[in-house]
file query-v2.txt (compact mmCIF, C-alpha atoms and all ligand atoms)
# COMPACT_ATOMS: atom_id res chain seq x y z
CA MET E 137 -29.43 -4.12 1.70
CA SER E 138 -28.12 -3.78 -1.84
CA GLU E 139 -26.18 -6.72 -3.21
CA ARG E 140 -22.40 -6.30 -3.42
CA VAL E 141 -20.56 -7.48 -6.51
CA ILE E 142 -17.03 -8.45 -5.54
CA PRO E 143 -14.68 -9.31 -8.42
CA LEU E 144 -12.87 -12.56 -7.89
CA ILE E 145 -9.44 -11.34 -8.97
CA ASP E 146 -6.87 -11.00 -6.20
CA GLN E 147 -5.02 -7.77 -6.98
CA ARG E 148 -1.98 -9.08 -5.13
CA LEU E 149 -1.39 -11.41 -8.08
CA ILE E 150 -1.47 -8.88 -10.89
CA ASN E 151 1.34 -6.58 -9.94
CA THR E 152 4.07 -5.64 -12.36
CA VAL E 153 7.62 -6.67 -11.55
CA ALA E 154 9.87 -3.68 -10.93
CA ARG E 155 12.76 -3.31 -13.37
CA ILE E 156 16.34 -2.31 -12.73
CA PRO E 157 17.17 0.51 -15.17
CA THR E 158 20.09 -0.10 -17.50
CA THR E 159 21.52 3.34 -16.75
CA PRO E 160 22.03 3.86 -13.01
CA VAL E 161 20.00 6.67 -11.40
CA ALA E 162 21.96 8.11 -8.47
CA PRO E 163 19.65 9.37 -5.72
CA THR E 164 19.78 13.15 -5.33
CA GLY E 165 16.92 13.68 -2.89
CA LEU E 166 15.14 15.54 -5.67
CA LEU E 167 13.21 12.81 -7.45
CA GLY E 168 10.06 14.01 -9.21
CA ASP E 169 7.17 12.07 -10.77
CA ALA E 170 5.67 12.61 -14.22
CA LEU E 171 3.61 15.52 -12.83
CA GLY E 172 6.58 17.09 -11.05
CA ARG E 173 5.57 15.89 -7.58
CA PRO E 174 8.44 15.09 -5.20
CA LEU E 175 8.69 11.94 -3.08
CA ARG E 176 8.53 12.93 0.59
CA ASP E 177 6.28 10.55 2.48
CA LEU E 178 6.58 6.76 2.67
CA ARG E 179 3.83 4.68 4.25
CA ILE E 180 4.87 1.20 5.15
CA SER E 181 2.33 -1.50 5.86
CA VAL E 182 3.79 -3.98 8.33
CA THR E 183 0.90 -6.44 8.39
CA ASP E 184 -2.30 -7.08 6.45
CA ARG E 185 -4.00 -8.45 9.57
CA CYS E 186 -6.16 -6.61 12.06
CA ASN E 187 -8.06 -7.34 15.25
CA PHE E 188 -10.89 -4.97 14.20
CA ARG E 189 -13.39 -5.42 11.39
CA CYS E 190 -14.39 -1.83 10.63
CA SER E 191 -17.06 -2.19 7.98
CA TYR E 192 -15.55 0.59 5.83
CA CYS E 193 -12.19 -1.21 5.70
CA MET E 194 -12.31 -4.95 6.50
CA PRO E 195 -15.96 -6.02 6.39
CA LYS E 196 -16.53 -9.23 8.30
CA GLU E 197 -18.27 -10.98 5.42
CA ILE E 198 -15.06 -10.81 3.36
CA PHE E 199 -12.32 -10.79 5.98
CA ASP E 200 -13.56 -13.94 7.70
CA LYS E 201 -11.69 -17.02 8.93
CA ASP E 202 -11.25 -18.24 5.35
CA TYR E 203 -9.65 -15.03 4.07
CA ALA E 204 -6.18 -15.68 2.64
CA TYR E 205 -3.86 -13.34 4.51
CA LEU E 206 -0.24 -13.13 3.43
CA PRO E 207 1.87 -16.06 4.59
CA HIS E 208 4.70 -15.20 6.94
CA SER E 209 7.34 -16.02 4.31
CA SER E 210 5.95 -13.25 2.06
CA LEU E 211 6.42 -10.49 4.60
CA LEU E 212 9.45 -8.27 4.25
CA SER E 213 11.75 -8.68 7.22
CA PHE E 214 12.66 -5.61 9.26
CA GLU E 215 16.09 -5.58 7.62
CA GLU E 216 14.50 -5.67 4.16
CA ILE E 217 12.07 -2.87 5.05
CA THR E 218 14.88 -0.71 6.41
CA ARG E 219 17.00 -1.33 3.33
CA VAL E 220 14.16 -0.24 1.04
CA ALA E 221 13.33 2.73 3.27
CA ARG E 222 16.97 3.86 3.09
CA GLN E 223 16.71 4.11 -0.70
CA PHE E 224 13.47 6.07 -0.42
CA VAL E 225 15.11 8.46 2.01
CA ALA E 226 18.00 8.93 -0.42
CA HIS E 227 15.37 9.97 -3.01
CA GLY E 228 13.90 12.63 -0.70
CA VAL E 229 11.56 10.92 1.77
CA GLN E 230 11.43 12.80 5.07
CA LYS E 231 8.51 11.14 6.78
CA ILE E 232 7.69 7.48 7.38
CA ARG E 233 4.34 6.28 8.64
CA LEU E 234 3.94 2.68 9.80
CA THR E 235 0.51 1.31 9.15
CA GLY E 236 -1.39 -1.85 8.21
CA GLY E 237 -3.71 -3.67 8.99
CA GLU E 238 -3.05 -3.03 12.62
CA PRO E 239 0.69 -2.27 12.86
CA LEU E 240 0.91 -3.05 16.57
CA LEU E 241 0.06 -6.67 15.77
CA ARG E 242 3.45 -7.06 14.08
CA LYS E 243 5.76 -8.73 16.59
CA ASN E 244 8.73 -6.74 17.87
CA LEU E 245 7.79 -3.64 15.88
CA GLU E 246 10.05 -1.63 18.19
CA ILE E 247 13.05 -3.22 16.47
CA LEU E 248 11.94 -1.88 13.10
CA ILE E 249 11.34 1.55 14.62
CA GLU E 250 14.85 1.56 16.06
CA GLN E 251 16.31 0.72 12.66
CA LEU E 252 14.27 3.41 10.87
CA ALA E 253 15.07 5.99 13.54
CA ALA E 254 18.76 5.59 12.71
CA LEU E 255 18.21 6.76 9.10
CA ARG E 256 18.94 10.39 8.15
CA THR E 257 17.42 12.56 5.43
CA THR E 258 19.58 13.90 2.61
CA GLU E 259 20.03 17.03 4.79
CA GLY E 260 21.30 14.88 7.65
CA GLN E 261 18.13 15.27 9.73
CA PRO E 262 16.30 12.48 11.59
CA LEU E 263 13.13 11.28 9.87
CA ASP E 264 9.67 12.11 11.11
CA ILE E 265 8.51 8.64 12.17
CA THR E 266 4.91 8.05 13.03
CA LEU E 267 2.36 5.25 13.19
CA THR E 268 -1.38 4.89 12.67
CA THR E 269 -3.14 2.51 15.03
CA ASN E 270 -6.59 1.54 16.17
CA GLY E 271 -5.30 2.07 19.71
CA SER E 272 -6.26 -1.34 21.05
CA LEU E 273 -2.69 -2.27 22.03
CA LEU E 274 -1.38 1.20 22.65
CA LYS E 275 -1.71 1.23 26.41
CA ARG E 276 0.58 -1.79 26.57
CA LYS E 277 3.07 -0.59 23.95
CA ALA E 278 3.27 3.23 24.10
CA ALA E 279 6.34 3.49 26.31
CA ALA E 280 8.35 0.90 24.35
CA LEU E 281 7.44 2.56 21.03
CA LYS E 282 8.63 5.92 22.32
CA ALA E 283 11.85 4.42 23.65
CA ALA E 284 12.52 2.85 20.25
CA GLY E 285 12.35 6.27 18.53
CA LEU E 286 8.75 6.69 17.46
CA GLN E 287 7.88 10.37 17.58
CA ARG E 288 4.10 10.52 17.23
CA VAL E 289 1.01 8.39 16.82
CA THR E 290 -2.30 8.79 15.06
CA VAL E 291 -5.12 6.87 16.71
CA SER E 292 -8.32 5.99 14.89
CA LEU E 293 -11.53 6.45 16.85
CA ASP E 294 -14.92 6.83 15.19
CA GLY E 295 -17.00 8.06 18.12
CA LEU E 296 -17.43 8.22 21.88
CA ASP E 297 -20.76 6.44 22.03
CA ASP E 298 -19.77 2.94 23.08
CA THR E 299 -22.61 1.20 21.25
CA ILE E 300 -21.84 2.97 17.99
CA PHE E 301 -18.09 2.39 18.28
CA ARG E 302 -18.45 -1.29 19.16
CA ALA E 303 -20.71 -1.71 16.11
CA MET E 304 -18.31 0.17 13.81
CA ASN E 305 -15.25 -1.85 14.80
CA ASP E 306 -17.52 -4.92 14.62
CA VAL E 307 -15.55 -6.85 17.24
CA ASP E 308 -17.28 -5.22 20.23
CA PHE E 309 -14.15 -3.30 21.25
CA PRO E 310 -14.92 -0.60 23.89
CA VAL E 311 -14.24 3.13 23.51
CA ALA E 312 -12.75 3.30 27.01
CA ASP E 313 -9.78 1.10 26.05
CA VAL E 314 -8.91 3.29 23.07
CA LEU E 315 -9.13 6.40 25.25
CA GLU E 316 -6.76 4.74 27.72
CA GLY E 317 -4.40 4.01 24.84
CA ILE E 318 -4.48 7.70 23.84
CA GLU E 319 -3.72 8.71 27.43
CA ALA E 320 -0.83 6.26 27.59
CA ALA E 321 0.56 7.67 24.35
CA GLN E 322 0.29 11.20 25.76
CA ALA E 323 2.00 10.15 28.96
CA ALA E 324 4.81 8.50 26.95
CA GLY E 325 5.39 11.74 25.01
CA LEU E 326 4.14 10.43 21.65
CA GLY E 327 2.61 13.77 20.73
CA PRO E 328 1.16 15.83 19.29
CA ILE E 329 -1.36 13.01 18.98
CA LYS E 330 -3.81 12.98 16.14
CA VAL E 331 -7.12 11.16 16.30
CA ASN E 332 -8.71 10.09 13.01
CA MET E 333 -12.48 9.79 12.81
CA VAL E 334 -13.98 8.39 9.62
CA VAL E 335 -17.39 10.00 9.24
CA LYS E 336 -20.20 7.96 7.72
CA ARG E 337 -23.44 9.84 7.26
CA GLY E 338 -26.24 8.12 9.16
CA THR E 339 -23.80 5.93 11.14
CA ASN E 340 -21.64 8.17 13.32
CA ASP E 341 -22.13 11.76 12.10
CA HIS E 342 -23.95 12.64 15.34
CA GLU E 343 -20.65 11.88 17.09
CA ILE E 344 -18.88 14.83 15.41
CA LEU E 345 -19.76 17.37 18.09
CA PRO E 346 -19.20 15.12 21.13
CA MET E 347 -15.78 14.15 19.71
CA ALA E 348 -14.89 17.81 19.05
CA ALA E 349 -15.96 18.80 22.57
CA HIS E 350 -14.08 15.86 24.12
CA PHE E 351 -10.72 16.62 22.51
CA ARG E 352 -10.73 20.43 22.97
CA HIS E 353 -8.24 21.51 25.63
CA THR E 354 -6.32 18.21 25.32
CA LYS E 355 -3.73 19.14 22.64
CA VAL E 356 -5.01 16.16 20.63
CA VAL E 357 -5.73 17.15 17.02
CA LEU E 358 -8.97 15.54 15.92
CA ARG E 359 -9.24 14.92 12.18
CA PHE E 360 -12.44 14.09 10.37
CA ILE E 361 -11.94 11.86 7.33
CA GLU E 362 -14.46 11.59 4.53
CA TYR E 363 -15.53 8.00 4.04
CA MET E 364 -13.60 6.88 0.95
CA ASP E 365 -14.19 4.47 -1.90
CA VAL E 366 -10.96 2.59 -1.22
CA GLY E 367 -10.69 -1.11 -1.98
CA ALA E 368 -13.40 -3.22 -3.51
CA THR E 369 -15.22 -4.68 -0.54
CA ASN E 370 -16.73 -1.95 1.63
CA GLY E 371 -19.87 -1.32 -0.44
CA TRP E 372 -19.09 2.43 -0.57
CA ARG E 373 -21.92 4.78 -1.52
CA MET E 374 -21.67 8.52 -2.12
CA ASP E 375 -24.77 9.17 -0.03
CA GLU E 376 -22.90 7.92 3.04
CA VAL E 377 -20.16 10.52 2.58
CA LEU E 378 -20.57 13.59 4.76
CA PRO E 379 -18.60 16.38 3.04
CA SER E 380 -15.94 17.98 5.24
CA ALA E 381 -17.48 21.40 4.58
CA GLU E 382 -20.54 20.19 6.47
CA VAL E 383 -18.40 18.85 9.33
CA VAL E 384 -16.80 22.30 9.67
CA GLN E 385 -20.19 24.05 9.53
CA ARG E 386 -21.68 21.80 12.19
CA ILE E 387 -18.80 22.41 14.59
CA HIS E 388 -18.54 26.12 13.76
CA ARG E 389 -22.20 26.66 14.69
CA GLU E 390 -21.49 25.48 18.26
CA LEU E 391 -17.77 26.11 18.66
CA PRO E 392 -16.55 28.94 16.37
CA LEU E 393 -13.61 28.04 14.16
CA VAL E 394 -11.00 29.97 12.20
CA GLN E 395 -9.08 28.49 9.28
CA LEU E 396 -5.34 27.90 9.77
CA GLY E 397 -2.61 27.64 7.14
CA ALA E 398 -1.25 24.30 5.90
CA ALA E 399 1.40 22.74 8.16
CA ALA E 400 3.53 21.48 5.27
CA PRO E 401 3.26 21.13 1.48
CA GLY E 402 1.40 17.95 0.54
CA GLU E 403 -0.42 17.78 3.91
CA THR E 404 -3.72 15.98 3.51
CA ALA E 405 -5.64 17.82 6.23
CA GLU E 406 -7.14 21.30 6.05
CA ARG E 407 -6.58 22.83 9.49
CA TRP E 408 -9.04 24.77 11.63
CA GLY E 409 -8.54 26.25 15.11
CA TYR E 410 -11.13 27.02 17.77
CA ALA E 411 -11.54 30.81 17.91
CA ASP E 412 -11.08 30.73 21.69
CA GLY E 413 -7.68 29.01 21.33
CA SER E 414 -8.84 25.72 22.85
CA GLY E 415 -7.39 23.48 20.17
CA GLU E 416 -7.18 22.47 16.53
CA ILE E 417 -9.10 20.14 14.23
CA GLY E 418 -8.46 18.96 10.69
CA VAL E 419 -10.61 17.74 7.84
CA ILE E 420 -9.44 15.33 5.18
CA SER E 421 -11.64 15.70 2.13
CA SER E 422 -10.37 12.97 -0.15
CA VAL E 423 -13.74 12.66 -1.85
CA THR E 424 -15.11 16.20 -2.15
CA GLN E 425 -11.82 18.07 -2.59
CA ALA E 426 -9.03 16.27 -4.36
CA PHE E 427 -5.51 17.03 -3.20
CA CYS E 428 -3.62 15.00 -5.81
CA SER E 429 -1.72 17.98 -7.23
CA ASP E 430 0.79 17.91 -4.39
CA CYS E 431 0.50 14.25 -3.36
CA ASN E 432 4.00 13.16 -2.38
CA ARG E 433 3.13 9.79 -0.83
CA ALA E 434 4.34 6.31 -1.78
CA ARG E 435 3.05 3.14 -0.16
CA LEU E 436 4.98 -0.06 0.45
CA SER E 437 2.92 -3.16 1.13
CA THR E 438 3.84 -5.77 3.72
CA GLU E 439 5.29 -8.00 0.99
CA GLY E 440 7.21 -5.33 -0.90
CA GLN E 441 4.79 -4.05 -3.51
CA LEU E 442 5.15 -0.35 -4.20
CA TYR E 443 1.86 1.50 -4.75
CA LEU E 444 1.74 5.02 -6.12
CA CYS E 445 -1.82 5.87 -5.11
CA LEU E 446 -4.28 4.76 -2.44
CA PHE E 447 -6.72 3.91 -5.19
CA ALA E 448 -4.30 1.95 -7.38
CA SER E 449 -5.23 -1.44 -8.67
CA GLN E 450 -1.66 -2.45 -9.47
CA GLY E 451 1.55 -2.30 -7.50
CA HIS E 452 5.19 -2.65 -8.52
CA ASP E 453 6.83 -5.74 -7.08
CA LEU E 454 10.17 -4.84 -5.51
CA ARG E 455 10.67 -8.25 -3.94
CA PRO E 456 12.55 -9.91 -6.81
CA ILE E 457 15.01 -7.01 -6.64
CA ILE E 458 15.23 -6.99 -2.86
CA ARG E 459 15.70 -10.75 -2.67
CA GLY E 460 17.51 -11.27 -5.98
CA GLY E 461 20.95 -10.03 -5.00
CA ALA E 462 20.61 -6.54 -6.51
CA THR E 463 22.81 -3.76 -5.15
CA ASP E 464 21.42 -0.77 -3.25
CA GLU E 465 22.13 1.39 -6.32
CA GLN E 466 20.05 -0.95 -8.47
CA LEU E 467 17.22 -0.90 -5.93
CA ALA E 468 17.35 2.91 -5.80
CA GLY E 469 17.31 2.97 -9.61
CA ALA E 470 14.25 0.75 -9.78
CA ILE E 471 12.39 2.97 -7.28
CA ALA E 472 13.38 6.06 -9.25
CA GLY E 473 12.10 4.59 -12.51
CA ILE E 474 8.74 3.76 -10.94
CA TRP E 475 8.29 7.17 -9.30
CA GLN E 476 9.36 9.03 -12.44
CA GLY E 477 6.59 7.25 -14.36
CA ARG E 478 3.89 8.15 -11.80
CA SER E 479 0.90 10.11 -13.06
CA ASP E 480 -1.76 8.86 -10.61
CA ARG E 481 -4.42 11.36 -9.54
CA TYR E 482 -7.43 9.26 -8.82
CA SER E 483 -9.35 11.71 -6.61
CA GLU E 484 -9.16 14.41 -9.26
CA LEU E 485 -10.47 12.03 -11.89
CA ARG E 486 -12.97 10.10 -9.72
CA ALA E 487 -16.10 11.64 -11.19
CA SER E 488 -15.05 11.02 -14.79
CA LEU E 489 -13.81 7.44 -14.41
CA PRO E 490 -15.92 4.44 -15.41
CA PRO E 491 -16.97 2.15 -12.53
CA ASP E 492 -14.40 -0.57 -11.73
CA ALA E 493 -16.95 -3.29 -12.41
CA SER E 494 -17.16 -2.19 -16.06
CA THR E 495 -13.39 -2.24 -16.57
CA GLY E 496 -12.59 -5.42 -14.64
CA THR E 497 -10.07 -3.63 -12.43
CA ARG E 498 -10.07 -3.98 -8.67
CA ARG E 499 -8.62 -1.46 -6.28
CA VAL E 500 -6.22 -2.66 -3.63
CA GLU E 501 -7.59 -2.93 -0.07
CA MET E 502 -6.62 -0.28 2.46
CA SER E 503 -5.86 -2.98 5.02
CA TYR E 504 -3.21 -4.25 2.58
CA ILE E 505 -1.42 -1.00 1.74
CA GLY E 506 -2.36 1.06 4.77
CA GLY E 507 -3.90 4.51 5.13
N1 LIG U 601 -5.46 -0.18 11.79
C1 LIG U 601 -4.91 1.13 11.88
C2 LIG U 601 -5.99 2.14 12.15
O1 LIG U 601 -7.17 1.85 11.98
O2 LIG U 601 -5.62 3.26 12.54
C3 LIG U 601 -4.08 1.54 10.67
C4 LIG U 601 -4.56 1.15 9.31
S1 LIG U 601 -6.08 1.92 8.79
C5 LIG U 601 -6.29 1.22 7.19
C6 LIG U 601 -5.54 3.58 8.50
C7 LIG U 601 -6.63 4.64 8.48
O3 LIG U 601 -7.46 4.43 7.38
C8 LIG U 601 -7.53 4.65 9.72
O4 LIG U 601 -7.55 5.93 10.30
C9 LIG U 601 -8.88 4.29 9.15
O5 LIG U 601 -9.91 4.88 9.88
C10 LIG U 601 -8.78 4.81 7.74
N2 LIG U 601 -9.71 4.18 6.80
C11 LIG U 601 -9.88 2.87 6.55
N3 LIG U 601 -10.84 2.67 5.61
C12 LIG U 601 -11.30 3.91 5.28
C13 LIG U 601 -12.28 4.38 4.38
N4 LIG U 601 -13.02 3.56 3.62
N5 LIG U 601 -12.46 5.71 4.27
C14 LIG U 601 -11.73 6.58 5.03
N6 LIG U 601 -10.78 6.19 5.88
C15 LIG U 601 -10.57 4.87 6.03
FE1 LIG U 602 -8.36 -2.54 11.14
FE2 LIG U 602 -7.67 -0.03 10.87
FE3 LIG U 602 -9.02 -1.25 8.94
FE4 LIG U 602 -10.27 -0.72 11.20
S1 LIG U 602 -9.42 0.77 9.78
S2 LIG U 602 -10.30 -2.68 10.10
S3 LIG U 602 -8.65 -0.93 12.64
S4 LIG U 602 -6.99 -1.74 9.56
FE1 LIG U 603 -2.49 10.84 -3.82
FE2 LIG U 603 -3.94 9.01 -5.14
FE3 LIG U 603 -4.97 10.24 -3.01
FE4 LIG U 603 -4.63 11.61 -5.30
S1 LIG U 603 -6.00 9.91 -4.97
S2 LIG U 603 -4.10 12.32 -3.22
S3 LIG U 603 -2.71 10.66 -6.06
S4 LIG U 603 -3.18 8.87 -3.02
call {"tool": "encode", "arguments": {"input": "query-v2.txt", "output": "structure tokens"}}
result
Amino acid sequence: MSERVIPLIDQRLINTVARIPTTPVAPTGLLGDALGRPLRDLRISVTDRCNFRCSYCMPKEIFDKDYAYLPHSSLLSFEEITRVARQFVAHGVQKIRLTGGEPLLRKNLEILIEQLAALRTTEGQPLDITLTTNGSLLKRKAAALKAAGLQRVTVSLDGLDDTIFRAMNDVDFPVADVLEGIEAAQAAGLGPIKVNMVVKRGTNDHEILPMAAHFRHTKVVLRFIEYMDVGATNGWRMDEVLPSAEVVQRIHRELPLVQLGAAAPGETAERWGYADGSGEIGVISSVTQAFCSDCNRARLSTEGQLYLCLFASQGHDLRPIIRGGATDEQLAGAIAGIWQGRSDRYSELRASLPPDASTGTRRVEMSYIGG
């Protein structure tokens, strides 16, 4: 195994403090960044902890019993999260995804969902509220999540072969329990359900076809995600990435596919349907096909750091504003200033950027800002 070099800087300590602009910026729902991209999608991480140790996200060697997770006092309360989310919605956000870590580990999450479900877009519409989960607690929580106002869930599942899956989650968690969670979510009406499968060449790529066959005829949309170079700890290598084009080819050879149009601007997945009408799949090609040009996503960490890109190494600390007695207008102004300055497009630039190790930067972990 090649040796991993892990920089010792903790990126949570090097964020910039968000500033309140001197001239107020009234939210109009039409905020654009420096490249003209609107703000439509807010991903909120509700915990940096997880009960899985997927090697591509929270490798056991790093996220061990000595790892310094955020202390409880650092976490934004549900009221603080809802207050921030309200300002994002005023700037044009229409969709909120709760994530983590494992979001279902956050106690009483239903209360947060209820609060977020009461928000309305600038057009007076309810938000599209969804959640990404590893499915381990879904069977127990699906009905309560639905009752609180959650509309949909995305469940991560990297294969149907129990041995492979137990090895990938690295805590020996069985496939059957995740499948039961998906069924419970379907029964609770949390659909259309999406299932995310991260594909690692040589690890679980032989699971592509069994997964496709399993979820046809179920109304579940299976999405294949290219293994990404997020964070600084997963030992990512390009030769372990299986390009989405190959995923589509492999399925198409056995189960003919036709390409479908994009569901909404800024959608990350390219959609394909089975030619016989038996379902839909998606591919998310963050490595081989950049989709930064219409990226409308902001990410809020569990402790109130705003990140403008999944591959960012610095966030913008909103906590001093949230906790410092600022008004909602001032908070909205600070968010506007940050988004207006955004020019991130990491995936488009990936090939031309120097390696992090040579620049001393360290990308934030996905378990910290969510997917
Ligand atoms: N714990 C939840 C879960 O696994 O669904 C939510 C958080 S997880 C960080 C969100 C998504 O990111 C999951 O679908 C996961 O598979 C994906 N993910 C994590 N690390 C990844 C990587 N290196 N490349 C591609 N996707 C990754
Ligand atoms: Fe946990 Fe999700 Fe990361 Fe796996 S991908 S370690 S389930 S946060
Ligand atoms: Fe958006 Fe950053 Fe991903 Fe590009 S690399 S699509 S800017 S999150």
call {"tool": "closest_residue", "arguments": {"input": "query-v2.txt", "among": "E:Leu489, E:Leu166, E:Leu446, E:Ile232", "to": "Arg256 in chain E", "atoms": "all atoms listed in the file"}}
result
E:Ile232
call {"tool": "residues_near_ligand", "arguments": {"input": "query-v2.txt", "ligand": "ligand LIG 601 (chain U)", "cutoff": "6 Å", "atoms": "all atoms listed in the file", "output": "PyMOL selection string"}}
result
chain E and resi 192-193+235-238+268-270+291-292+332+334+361-366+502-503+506-507
call {"tool": "residues_near_ligand", "arguments": {"input": "query-v2.txt", "ligand": "ligand LIG 603 (chain U)", "cutoff": "6 Å", "atoms": "all atoms listed in the file", "output": "PyMOL selection string"}}
result
chain E and resi 427-428+431+445-447+480-483
call {"tool": "atom_distance", "arguments": {"input": "query-v2.txt", "atom1": "CA of Ser488 in chain E", "atom2": "CA of Pro195 in chain E"}}
result
27.2 Å
call {"tool": "atom_distance", "arguments": {"input": "query-v2.txt", "atom1": "CA of Gly325 in chain E", "atom2": "CA of Arg288 in chain E"}}
result
8.0 Å
call {"tool": "residues_around", "arguments": {"input": "query-v2.txt", "residues": "Thr258 in chain E", "least_positions_apart": "3", "cutoff": "12 Å", "atoms": "only C-alpha atoms", "output": "list in words"}}
result
Pro163, Thr164, Gly165, Leu166, Leu167, Arg176, Arg222, Gln223, Phe224, Val225, Ala226, His227, Gly228, Val229, Gln230, Leu255, Gln261, Pro262 and Leu263 of chain E
call {"tool": "write_last_selection", "arguments": {"input": "query-v2.txt", "atoms": "C-alpha atoms", "output": "PDB file, in the coordinates of the input"}}
result
ATOM      1  CA  PRO E 163      19.650   9.370  -5.720  1.00  0.00           C
ATOM      2  CA  THR E 164      19.780  13.150  -5.330  1.00  0.00           C
ATOM      3  CA  GLY E 165      16.920  13.680  -2.890  1.00  0.00           C
ATOM      4  CA  LEU E 166      15.140  15.540  -5.670  1.00  0.00           C
ATOM      5  CA  LEU E 167      13.210  12.810  -7.450  1.00  0.00           C
ATOM      6  CA  ARG E 176       8.530  12.930   0.590  1.00  0.00           C
ATOM      7  CA  ARG E 222      16.970   3.860   3.090  1.00  0.00           C
ATOM      8  CA  GLN E 223      16.710   4.110  -0.700  1.00  0.00           C
ATOM      9  CA  PHE E 224      13.470   6.070  -0.420  1.00  0.00           C
ATOM     10  CA  VAL E 225      15.110   8.460   2.010  1.00  0.00           C
ATOM     11  CA  ALA E 226      18.000   8.930  -0.420  1.00  0.00           C
ATOM     12  CA  HIS E 227      15.370   9.970  -3.010  1.00  0.00           C
ATOM     13  CA  GLY E 228      13.900  12.630  -0.700  1.00  0.00           C
ATOM     14  CA  VAL E 229      11.560  10.920   1.770  1.00  0.00           C
ATOM     15  CA  GLN E 230      11.430  12.800   5.070  1.00  0.00           C
ATOM     16  CA  LEU E 255      18.210   6.760   9.100  1.00  0.00           C
ATOM     17  CA  GLN E 261      18.130  15.270   9.730  1.00  0.00           C
ATOM     18  CA  PRO E 262      16.300  12.480  11.590  1.00  0.00           C
ATOM     19  CA  LEU E 263      13.130  11.280   9.870  1.00  0.00           C
TER      20      LEU E 263
END
call {"tool": "atom_distance", "arguments": {"input": "query-v2.txt", "atom1": "CA of Ile198 in chain E", "atom2": "CA of Ala368 in chain E"}}
result
10.4 Å
call {"tool": "closest_residue", "arguments": {"input": "query-v2.txt", "among": "E:Thr257, E:Ser429, E:Val335, E:Ala349", "to": "Ser479 in chain E", "atoms": "all atoms listed in the file"}}
result
E:Ser429
call {"tool": "closest_residue", "arguments": {"input": "query-v2.txt", "among": "E:Ser181, E:Thr463, E:Asn244, E:Ser213", "to": "ligand LIG 602 (chain U)", "atoms": "only C-alpha atoms and all ligand atoms"}}
result
E:Ser181
call {"tool": "residues_near_point", "arguments": {"input": "query-v2.txt", "point": "(-19.3, 15.3, 22.2)", "cutoff": "12 Å", "atoms": "only C-alpha atoms", "output": "list in words"}}
result
Asp294, Gly295, Leu296, Asp297, Asn340, Asp341, His342, Glu343, Ile344, Leu345, Pro346, Met347, Ala348, Ala349, His350, Phe351, Arg352, Ile387, Glu390 and Leu391 of chain E
call {"tool": "closest_residue", "arguments": {"input": "query-v2.txt", "among": "E:Gly460, E:Asp375, E:Arg407, E:Glu484", "to": "Ala426 in chain E", "atoms": "only C-alpha atoms"}}
result
E:Glu484
call {"tool": "closest_residue", "arguments": {"input": "query-v2.txt", "among": "E:Leu267, E:Ile474, E:Leu234, E:Ala399", "to": "Thr152 in chain E", "atoms": "only C-alpha atoms"}}
result
E:Ile474
call {"tool": "residues_near_point", "arguments": {"input": "query-v2.txt", "point": "(-18.3, -6.4, 19.4)", "cutoff": "12 Å", "atoms": "only C-alpha atoms", "output": "count of residues only"}}
result
19
call {"tool": "closest_residue", "arguments": {"input": "query-v2.txt", "among": "E:Ala162, E:Met194, E:Ala279, E:Ala253", "to": "ligand LIG 602 (chain U)", "atoms": "all atoms listed in the file"}}
result
E:Met194
